[in-house]
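Peer 1: Have a peek at coords37.pdb (PDB, C-alpha atoms, pLDDT in the B column).
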ATOM      1  CA  MET I   1     -11.657 -13.505  24.149  1.00 37.00           C
ATOM      2  CA  LYS I   2      -9.344 -13.142  21.150  1.00 44.00           C
ATOM      3  CA  ASP I   3      -6.007 -11.395  21.369  1.00 55.00           C
ATOM      4  CA  SER I   4      -5.005  -8.774  18.807  1.00 59.00           C
ATOM      5  CA  PHE I   5      -2.668 -11.233  17.080  1.00 61.00           C
ATOM      6  CA  THR I   6      -5.429 -13.682  16.125  1.00 61.00           C
ATOM      7  CA  GLU I   7      -7.823 -10.877  15.197  1.00 73.00           C
ATOM      8  CA  ASN I   8      -5.412  -9.401  12.633  1.00 85.00           C
ATOM      9  CA  VAL I   9      -4.003 -12.516  10.962  1.00 93.00           C
ATOM     10  CA  ASP I  10      -5.707 -15.539   9.478  1.00 96.00           C
ATOM     11  CA  ARG I  11      -4.450 -19.058   8.796  1.00 96.00           C
ATOM     12  CA  ILE I  12      -2.856 -18.013   5.484  1.00 97.00           C
ATOM     13  CA  ASP I  13      -0.972 -15.170   7.175  1.00 97.00           C
ATOM     14  CA  LEU I  14       0.211 -17.633   9.827  1.00 96.00           C
ATOM     15  CA  LYS I  15       1.423 -20.028   7.134  1.00 97.00           C
ATOM     16  CA  ILE I  16       3.324 -17.163   5.484  1.00 97.00           C
ATOM     17  CA  LEU I  17       4.910 -16.163   8.808  1.00 97.00           C
ATOM     18  CA  ARG I  18       5.872 -19.731   9.736  1.00 96.00           C
ATOM     19  CA  THR I  19       7.310 -20.435   6.298  1.00 96.00           C
ATOM     20  CA  LEU I  20       9.333 -17.221   6.105  1.00 96.00           C
ATOM     21  CA  GLN I  21      10.590 -17.701   9.650  1.00 94.00           C
ATOM     22  CA  SER I  22      12.182 -20.995   8.658  1.00 91.00           C
ATOM     23  CA  GLU I  23      13.049 -20.174   5.032  1.00 93.00           C
ATOM     24  CA  GLY I  24      13.450 -16.431   4.630  1.00 92.00           C
ATOM     25  CA  ARG I  25      15.078 -16.639   1.195  1.00 93.00           C
ATOM     26  CA  LEU I  26      12.078 -18.093  -0.618  1.00 95.00           C
ATOM     27  CA  SER I  27      10.963 -16.213  -3.700  1.00 96.00           C
ATOM     28  CA  ASN I  28       7.442 -14.841  -3.661  1.00 97.00           C
ATOM     29  CA  ALA I  29       6.410 -17.497  -6.221  1.00 97.00           C
ATOM     30  CA  ASP I  30       7.785 -20.339  -4.090  1.00 97.00           C
ATOM     31  CA  LEU I  31       6.200 -18.901  -0.960  1.00 97.00           C
ATOM     32  CA  ALA I  32       2.856 -18.604  -2.752  1.00 98.00           C
ATOM     33  CA  ASP I  33       3.108 -22.284  -3.787  1.00 97.00           C
ATOM     34  CA  ARG I  34       3.871 -23.327  -0.201  1.00 97.00           C
ATOM     35  CA  VAL I  35       0.889 -21.496   1.256  1.00 97.00           C
ATOM     36  CA  ASN I  36      -1.463 -22.285  -1.654  1.00 97.00           C
ATOM     37  CA  VAL I  37      -2.311 -18.755  -2.816  1.00 98.00           C
ATOM     38  CA  SER I  38      -1.581 -16.797  -5.997  1.00 97.00           C
ATOM     39  CA  ALA I  39       1.690 -14.911  -6.255  1.00 97.00           C
ATOM     40  CA  ALA I  40      -0.171 -11.578  -6.252  1.00 98.00           C
ATOM     41  CA  THR I  41      -2.130 -12.480  -3.117  1.00 97.00           C
ATOM     42  CA  CYS I  42       1.039 -13.720  -1.429  1.00 98.00           C
ATOM     43  CA  HIS I  43       2.914 -10.518  -2.266  1.00 98.00           C
ATOM     44  CA  ARG I  44       0.076  -8.340  -0.992  1.00 98.00           C
ATOM     45  CA  ARG I  45      -0.240 -10.303   2.255  1.00 98.00           C
ATOM     46  CA  THR I  46       3.516 -10.407   2.848  1.00 98.00           C
ATOM     47  CA  GLN I  47       3.770  -6.654   2.286  1.00 97.00           C
ATOM     48  CA  ARG I  48       0.933  -6.094   4.770  1.00 97.00           C
ATOM     49  CA  LEU I  49       2.726  -8.274   7.337  1.00 97.00           C
ATOM     50  CA  PHE I  50       5.810  -6.058   6.898  1.00 97.00           C
ATOM     51  CA  ASP I  51       3.776  -2.840   7.026  1.00 97.00           C
ATOM     52  CA  GLU I  52       1.933  -3.892  10.196  1.00 96.00           C
ATOM     53  CA  GLY I  53       5.149  -4.923  11.970  1.00 96.00           C
ATOM     54  CA  TYR I  54       4.626  -8.689  12.042  1.00 96.00           C
ATOM     55  CA  ILE I  55       7.804  -9.084   9.988  1.00 96.00           C
ATOM     56  CA  THR I  56      10.525  -6.711  11.142  1.00 95.00           C
ATOM     57  CA  GLY I  57      13.303  -7.697   8.756  1.00 92.00           C
ATOM     58  CA  VAL I  58      15.029 -10.370   6.751  1.00 90.00           C
ATOM     59  CA  ARG I  59      18.701 -11.212   7.186  1.00 88.00           C
ATOM     60  CA  ALA I  60      21.272 -13.938   6.779  1.00 88.00           C
ATOM     61  CA  GLU I  61      22.420 -15.978   9.780  1.00 89.00           C
ATOM     62  CA  VAL I  62      26.217 -15.785   9.649  1.00 93.00           C
ATOM     63  CA  ALA I  63      28.291 -18.484  11.380  1.00 94.00           C
ATOM     64  CA  PRO I  64      30.143 -16.558  14.121  1.00 95.00           C
ATOM     65  CA  ALA I  65      33.272 -18.745  14.112  1.00 95.00           C
ATOM     66  CA  ALA I  66      33.566 -18.383  10.334  1.00 97.00           C
ATOM     67  CA  VAL I  67      34.018 -14.624  10.756  1.00 97.00           C
ATOM     68  CA  GLY I  68      36.370 -14.863  13.727  1.00 97.00           C
ATOM     69  CA  LEU I  69      33.819 -14.326  16.501  1.00 97.00           C
ATOM     70  CA  GLY I  70      33.798 -17.741  18.107  1.00 96.00           C
ATOM     71  CA  ALA I  71      33.422 -16.686  21.749  1.00 97.00           C
ATOM     72  CA  LEU I  72      29.943 -16.028  23.123  1.00 98.00           C
ATOM     73  CA  VAL I  73      29.785 -14.219  26.436  1.00 98.00           C
ATOM     74  CA  MET I  74      26.813 -13.385  28.628  1.00 98.00           C
ATOM     75  CA  VAL I  75      27.302 -10.471  31.012  1.00 98.00           C
ATOM     76  CA  GLY I  76      25.022  -9.525  33.875  1.00 98.00           C
ATOM     77  CA  VAL I  77      25.185  -5.812  34.671  1.00 98.00           C
ATOM     78  CA  VAL I  78      24.149  -4.065  37.880  1.00 98.00           C
ATOM     79  CA  LEU I  79      23.766  -0.301  37.749  1.00 98.00           C
ATOM     80  CA  ASP I  80      24.520   1.984  40.667  1.00 97.00           C
ATOM     81  CA  ARG I  81      21.053   3.582  40.463  1.00 94.00           C
ATOM     82  CA  SER I  82      17.657   2.342  39.305  1.00 92.00           C
ATOM     83  CA  THR I  83      16.306   5.510  37.756  1.00 95.00           C
ATOM     84  CA  PRO I  84      14.868   6.192  34.314  1.00 96.00           C
ATOM     85  CA  GLU I  85      17.814   8.502  33.608  1.00 97.00           C
ATOM     86  CA  SER I  86      20.451   5.912  34.511  1.00 97.00           C
ATOM     87  CA  PHE I  87      18.670   3.249  32.459  1.00 98.00           C
ATOM     88  CA  ALA I  88      18.441   5.599  29.467  1.00 98.00           C
ATOM     89  CA  ALA I  89      22.127   6.551  29.694  1.00 98.00           C
ATOM     90  CA  PHE I  90      23.208   2.914  29.905  1.00 98.00           C
ATOM     91  CA  GLU I  91      20.935   1.801  27.074  1.00 98.00           C
ATOM     92  CA  GLY I  92      22.096   4.643  24.840  1.00 98.00           C
ATOM     93  CA  ALA I  93      25.743   3.738  25.366  1.00 98.00           C
ATOM     94  CA  VAL I  94      25.137   0.011  24.768  1.00 98.00           C
ATOM     95  CA  MET I  95      23.440   0.770  21.440  1.00 97.00           C
ATOM     96  CA  ASP I  96      26.796   2.061  20.151  1.00 96.00           C
ATOM     97  CA  MET I  97      28.678  -1.151  21.021  1.00 97.00           C
ATOM     98  CA  LYS I  98      28.826  -3.433  17.969  1.00 97.00           C
ATOM     99  CA  GLU I  99      30.011  -6.382  20.096  1.00 97.00           C
ATOM    100  CA  VAL I 100      26.741  -6.389  22.069  1.00 98.00           C
ATOM    101  CA  LEU I 101      24.228  -8.507  20.156  1.00 97.00           C
ATOM    102  CA  ASP I 102      21.411  -8.304  22.699  1.00 98.00           C
ATOM    103  CA  CYS I 103      20.729  -6.125  25.724  1.00 98.00           C
ATOM    104  CA  ASN I 104      17.754  -6.914  27.934  1.00 98.00           C
ATOM    105  CA  LEU I 105      16.445  -5.217  31.062  1.00 98.00           C
ATOM    106  CA  VAL I 106      15.767  -8.101  33.445  1.00 98.00           C
ATOM    107  CA  ALA I 107      14.318  -8.847  36.865  1.00 97.00           C
ATOM    108  CA  GLY I 108      16.496 -10.656  39.372  1.00 95.00           C
ATOM    109  CA  ASP I 109      20.141 -10.349  40.357  1.00 96.00           C
ATOM    110  CA  PHE I 110      21.061  -8.025  37.459  1.00 97.00           C
ATOM    111  CA  ASP I 111      19.571  -4.958  35.870  1.00 98.00           C
ATOM    112  CA  TYR I 112      20.654  -5.974  32.367  1.00 98.00           C
ATOM    113  CA  LEU I 113      21.782  -9.130  30.624  1.00 98.00           C
ATOM    114  CA  LEU I 114      24.090  -8.625  27.637  1.00 98.00           C
ATOM    115  CA  LYS I 115      24.875 -11.136  24.901  1.00 98.00           C
ATOM    116  CA  ILE I 116      28.298 -10.391  23.447  1.00 98.00           C
ATOM    117  CA  ARG I 117      30.342 -11.877  20.577  1.00 98.00           C
ATOM    118  CA  VAL I 118      34.136 -11.579  20.544  1.00 98.00           C
ATOM    119  CA  ARG I 119      37.105 -13.435  19.058  1.00 98.00           C
ATOM    120  CA  ASP I 120      38.348 -15.003  22.284  1.00 97.00           C
ATOM    121  CA  MET I 121      38.916 -14.441  25.993  1.00 97.00           C
ATOM    122  CA  ALA I 122      41.693 -11.906  25.373  1.00 97.00           C
ATOM    123  CA  ASP I 123      39.390  -9.921  23.106  1.00 98.00           C
ATOM    124  CA  PHE I 124      36.700  -9.938  25.805  1.00 98.00           C
ATOM    125  CA  ASN I 125      39.225  -8.893  28.445  1.00 98.00           C
ATOM    126  CA  LYS I 126      40.096  -5.852  26.348  1.00 98.00           C
ATOM    127  CA  LEU I 127      36.414  -5.028  25.744  1.00 98.00           C
ATOM    128  CA  HIS I 128      35.663  -5.395  29.447  1.00 97.00           C
ATOM    129  CA  GLY I 129      38.533  -3.195  30.567  1.00 96.00           C
ATOM    130  CA  GLN I 130      38.038  -0.473  27.978  1.00 96.00           C
ATOM    131  CA  LYS I 131      34.286  -0.329  27.383  1.00 97.00           C
ATOM    132  CA  LEU I 132      32.044  -2.432  29.622  1.00 97.00           C
ATOM    133  CA  ILE I 133      33.127  -1.118  32.998  1.00 95.00           C
ATOM    134  CA  ALA I 134      33.162   2.422  31.570  1.00 96.00           C
ATOM    135  CA  LEU I 135      29.486   2.291  30.558  1.00 97.00           C
ATOM    136  CA  PRO I 136      27.351   4.899  32.370  1.00 97.00           C
ATOM    137  CA  GLY I 137      26.240   3.830  35.833  1.00 97.00           C
ATOM    138  CA  VAL I 138      27.837   0.383  35.889  1.00 98.00           C
ATOM    139  CA  ARG I 139      28.492  -0.721  39.453  1.00 97.00           C
ATOM    140  CA  GLN I 140      29.147  -4.427  38.876  1.00 97.00           C
ATOM    141  CA  THR I 141      29.356  -7.026  36.112  1.00 97.00           C
ATOM    142  CA  ARG I 142      29.223 -10.817  36.192  1.00 98.00           C
ATOM    143  CA  THR I 143      30.633 -12.640  33.203  1.00 98.00           C
ATOM    144  CA  PHE I 144      29.636 -16.053  31.873  1.00 98.00           C
ATOM    145  CA  PHE I 145      31.574 -17.627  28.991  1.00 98.00           C
ATOM    146  CA  VAL I 146      29.321 -19.940  27.003  1.00 97.00           C
ATOM    147  CA  MET I 147      30.821 -23.417  26.778  1.00 97.00           C
ATOM    148  CA  LYS I 148      28.293 -24.802  24.297  1.00 96.00           C
ATOM    149  CA  GLU I 149      25.436 -23.211  22.387  1.00 95.00           C
ATOM    150  CA  VAL I 150      22.633 -25.711  22.770  1.00 96.00           C
ATOM    151  CA  LYS I 151      19.785 -23.721  21.198  1.00 93.00           C
ATOM    152  CA  GLU I 152      20.374 -20.468  19.365  1.00 88.00           C
ATOM    153  CA  ASN I 153      17.897 -18.152  17.628  1.00 84.00           C
ATOM    154  CA  ALA I 154      15.026 -20.614  17.770  1.00 85.00           C
ATOM    155  CA  ARG I 155      11.872 -19.951  15.755  1.00 84.00           C
ATOM    156  CA  LEU I 156       8.991 -18.230  17.536  1.00 86.00           C
ATOM    157  CA  PRO I 157       6.440 -20.783  18.804  1.00 88.00           C
ATOM    158  CA  PHE I 158       3.221 -19.613  17.176  1.00 86.00           C
TER     159      PHE I 158
END
Written as structure tokens, that's how I'd like the structure from this file.
Peer 2:
Amino acid sequence: MKDSFTENVDRIDLKILRTLQSEGRLSNADLADRVNVSAATCHRRTQRLFDEGYITGVRAEVAPAAVGLGALVMVGVVLDRSTPESFAAFEGAVMDMKEVLDCNLVAGDFDYLLKIRVRDMADFNKLHGQKLIALPGVRQTRTFFVMKEVKENARLPF
């Protein structure tokens, strides 16, 4: 049985996706050369991959330390209630926090796991005291300062 992914993309589409995932700044002409199709075909296929949601965006990867955000912090959050309303209120509030890079609803000891970028420990302390513990429904947080980023933003394994 095929899954919907393999039914909707062929080997050329996969080559386009893999190539753009590793080198998102390629021109259409260079991408077409890499995947061995004409520039027009490449453009049409790439546009379809955008339109169908296979490609959700293109952006630069900025070095966090170079822009003064050298501290990476993971925060586990436990809410006081596990209801759709409390989840929605928390998620809505987190969406407005620019320091939060990722927010995931998880199974296990926490309800949510947040990935946060700040300047340093003092900056996090301020964020924690003024914003994190004031988020709707937060009962408890557990903070983990990342000592070393071993693997960050890896390519999807398809």
Peer 1: Find the distance between atom CA of Ala29 of chain I and atom CA of Leu156 of chain I and write it in Å to one decimal.
Peer 2: 23.9 Å
Peer 1: Give the answer as one residue: which of I:Leu132, I:Val77, I:Val100, I:Met95 has the shortest atom-to-atom distance to Tyr112 of chain I, using only C-alpha atoms?
Peer 2: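 Closest residue, counting only C-alpha atoms: I:Val77.
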Peer 1: Could you state which residues are captured by the PyMOL selection byres ((chain I and resi 72-75) around 6) in this file, as an NGL selection string?
Peer 2: :I and (71 or 76 or 113-117 or 142-146)
Peer 1: Considering all atoms listed in the file, return as a ChimeraX atom specification whatever protein or nucleic-acid residues lie within 12 Å of Gly68 of chain I, sequence-local ones (same chain, fewer than 6 positions apart) excluded.
Peer 2: /I:62,117-120,123
Peer 1: If I take atom CA of Glu85 of chain I and atom CA of Phe124 of chain I, how far is one from the other in Å, to one decimal?
Peer 2: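 Answer for the atom CA of Glu85 of chain I to atom CA of Phe124 of chain I separation: 27.5 Å.
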Peer 1: Run the PyMOL selection byres ((chain I and resi 87) around 12) on the file and write out the hits as an MDAnalysis selection string.
Peer 2: chainID I and resid 77:86 88:94 103:106 111:112 135:138
Peer 1: Any idea what the distance is between atom CA of Ala66 of chain I and atom CA of Ala122 of chain I?
Peer 2: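 Atom-to-atom, atom CA of Ala66 of chain I to atom CA of Ala122 of chain I, that is 18.3 Å.
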Peer 1: Where does the PyMOL selection byres ((chain I and resi 57) around 12) land in this file, that is, which residues does it pick, as a PyMOL selection string?
Peer 2: chain I and resi 17+20-21+24-25+46-47+49-51+53-56+58-60
Peer 1: Calculated over all atoms listed in the file, which of the candidates I:Asp30, I:Phe110, I:Val9, I:Glu149 has the smallest distance to Glu52 of chain I?
Peer 2: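 Looking only at the distances to Glu52 of chain I, the closest residue turns out to be I:Val9.
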Peer 1: Once 5 Å is added on each side, what are the centre and the three edge lengths, in Å to one decimal, of the axis-aligned box enclosing the listed atoms of segment 36-51 of chain I? Present them as JSON.
Peer 2:
{"center_x": 1.7, "center_y": -12.6, "center_z": 0.5, "size_x": 18.1, "size_y": 29.4, "size_z": 23.6}
Peer 1: Could you give me, as JSON, numbers by chain, the residues within 10 Å of Ile12 of chain I, counting only C-alpha atoms and dropping anything in the same chain fewer than 5 positions from it?
Peer 2: {"I": [17, 18, 35, 36, 37, 42, 45]}
Peer 1: Which residue gives the smallest distance to Lys131 of chain I among I:Lys98, I:Lys15, I:Arg34, I:Arg155, with all atoms listed in the file counted?
Peer 2: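 For Lys131 of chain I, the nearest of the candidates is I:Lys98.
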Peer 1: Could I get segment 19-50 of chain I from the block written as a compact mmCIF listing (two decimals), in the first residue's frame, with N, CA and C atoms?
Peer 2:
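Contents of decode-v1.txt, as written:
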# COMPACT_ATOMS: atom_id res chain seq x y z
N THR I 19 17.27 18.56 -2.82
CA THR I 19 18.25 19.58 -3.21
C THR I 19 17.93 20.90 -2.54
N LEU I 20 16.67 21.32 -2.59
CA LEU I 20 16.30 22.59 -1.96
C LEU I 20 16.44 22.56 -0.45
N GLN I 21 16.21 21.39 0.14
CA GLN I 21 16.36 21.27 1.59
C GLN I 21 17.80 21.53 2.02
N SER I 22 18.75 21.13 1.20
CA SER I 22 20.15 21.35 1.57
C SER I 22 20.73 22.63 1.00
N GLU I 23 20.16 23.12 -0.11
CA GLU I 23 20.68 24.34 -0.75
C GLU I 23 19.52 25.20 -1.22
N GLY I 24 18.86 25.85 -0.31
CA GLY I 24 17.65 26.61 -0.61
C GLY I 24 17.85 27.86 -1.45
N ARG I 25 19.09 28.30 -1.62
CA ARG I 25 19.35 29.52 -2.38
C ARG I 25 19.65 29.28 -3.86
N LEU I 26 19.55 28.06 -4.31
CA LEU I 26 19.84 27.78 -5.71
C LEU I 26 18.87 28.52 -6.62
N SER I 27 19.38 29.02 -7.73
CA SER I 27 18.49 29.60 -8.73
C SER I 27 17.71 28.47 -9.39
N ASN I 28 16.62 28.82 -10.04
CA ASN I 28 15.84 27.82 -10.74
C ASN I 28 16.69 27.11 -11.80
N ALA I 29 17.53 27.86 -12.51
CA ALA I 29 18.38 27.26 -13.55
C ALA I 29 19.35 26.25 -12.95
N ASP I 30 19.98 26.61 -11.83
CA ASP I 30 20.91 25.68 -11.19
C ASP I 30 20.19 24.45 -10.65
N LEU I 31 19.02 24.67 -10.07
CA LEU I 31 18.23 23.55 -9.57
C LEU I 31 17.84 22.61 -10.71
N ALA I 32 17.42 23.19 -11.82
CA ALA I 32 17.04 22.38 -12.99
C ALA I 32 18.23 21.54 -13.47
N ASP I 33 19.43 22.14 -13.49
CA ASP I 33 20.63 21.38 -13.87
C ASP I 33 20.88 20.22 -12.92
N ARG I 34 20.71 20.47 -11.62
CA ARG I 34 20.98 19.43 -10.62
C ARG I 34 20.03 18.25 -10.73
N VAL I 35 18.78 18.53 -11.10
CA VAL I 35 17.79 17.45 -11.15
C VAL I 35 17.52 16.97 -12.58
N ASN I 36 18.29 17.52 -13.53
CA ASN I 36 18.24 17.07 -14.93
C ASN I 36 16.88 17.24 -15.60
N VAL I 37 16.30 18.45 -15.44
CA VAL I 37 15.08 18.80 -16.16
C VAL I 37 15.25 20.21 -16.72
N SER I 38 14.36 20.62 -17.60
CA SER I 38 14.44 21.99 -18.14
C SER I 38 14.07 22.99 -17.05
N ALA I 39 14.49 24.22 -17.25
CA ALA I 39 14.18 25.27 -16.27
C ALA I 39 12.67 25.46 -16.14
N ALA I 40 11.95 25.40 -17.24
CA ALA I 40 10.49 25.57 -17.20
C ALA I 40 9.83 24.45 -16.41
N THR I 41 10.26 23.22 -16.67
CA THR I 41 9.71 22.07 -15.93
C THR I 41 10.03 22.19 -14.45
N CYS I 42 11.26 22.58 -14.14
CA CYS I 42 11.68 22.72 -12.75
C CYS I 42 10.84 23.79 -12.04
N HIS I 43 10.64 24.91 -12.70
CA HIS I 43 9.84 25.99 -12.11
C HIS I 43 8.42 25.52 -11.85
N ARG I 44 7.82 24.86 -12.81
CA ARG I 44 6.45 24.37 -12.68
C ARG I 44 6.34 23.37 -11.53
N ARG I 45 7.29 22.44 -11.46
CA ARG I 45 7.25 21.43 -10.39
C ARG I 45 7.49 22.07 -9.01
N THR I 46 8.45 22.98 -8.95
CA THR I 46 8.73 23.63 -7.67
C THR I 46 7.52 24.43 -7.20
N GLN I 47 6.87 25.14 -8.11
CA GLN I 47 5.68 25.90 -7.75
C GLN I 47 4.57 24.97 -7.25
N ARG I 48 4.41 23.82 -7.89
CA ARG I 48 3.41 22.85 -7.44
C ARG I 48 3.74 22.33 -6.04
N LEU I 49 5.03 22.09 -5.78
CA LEU I 49 5.43 21.63 -4.44
C LEU I 49 5.12 22.68 -3.37
N PHE I 50 5.27 23.95 -3.72
CA PHE I 50 4.85 25.03 -2.81
C PHE I 50 3.34 25.02 -2.65
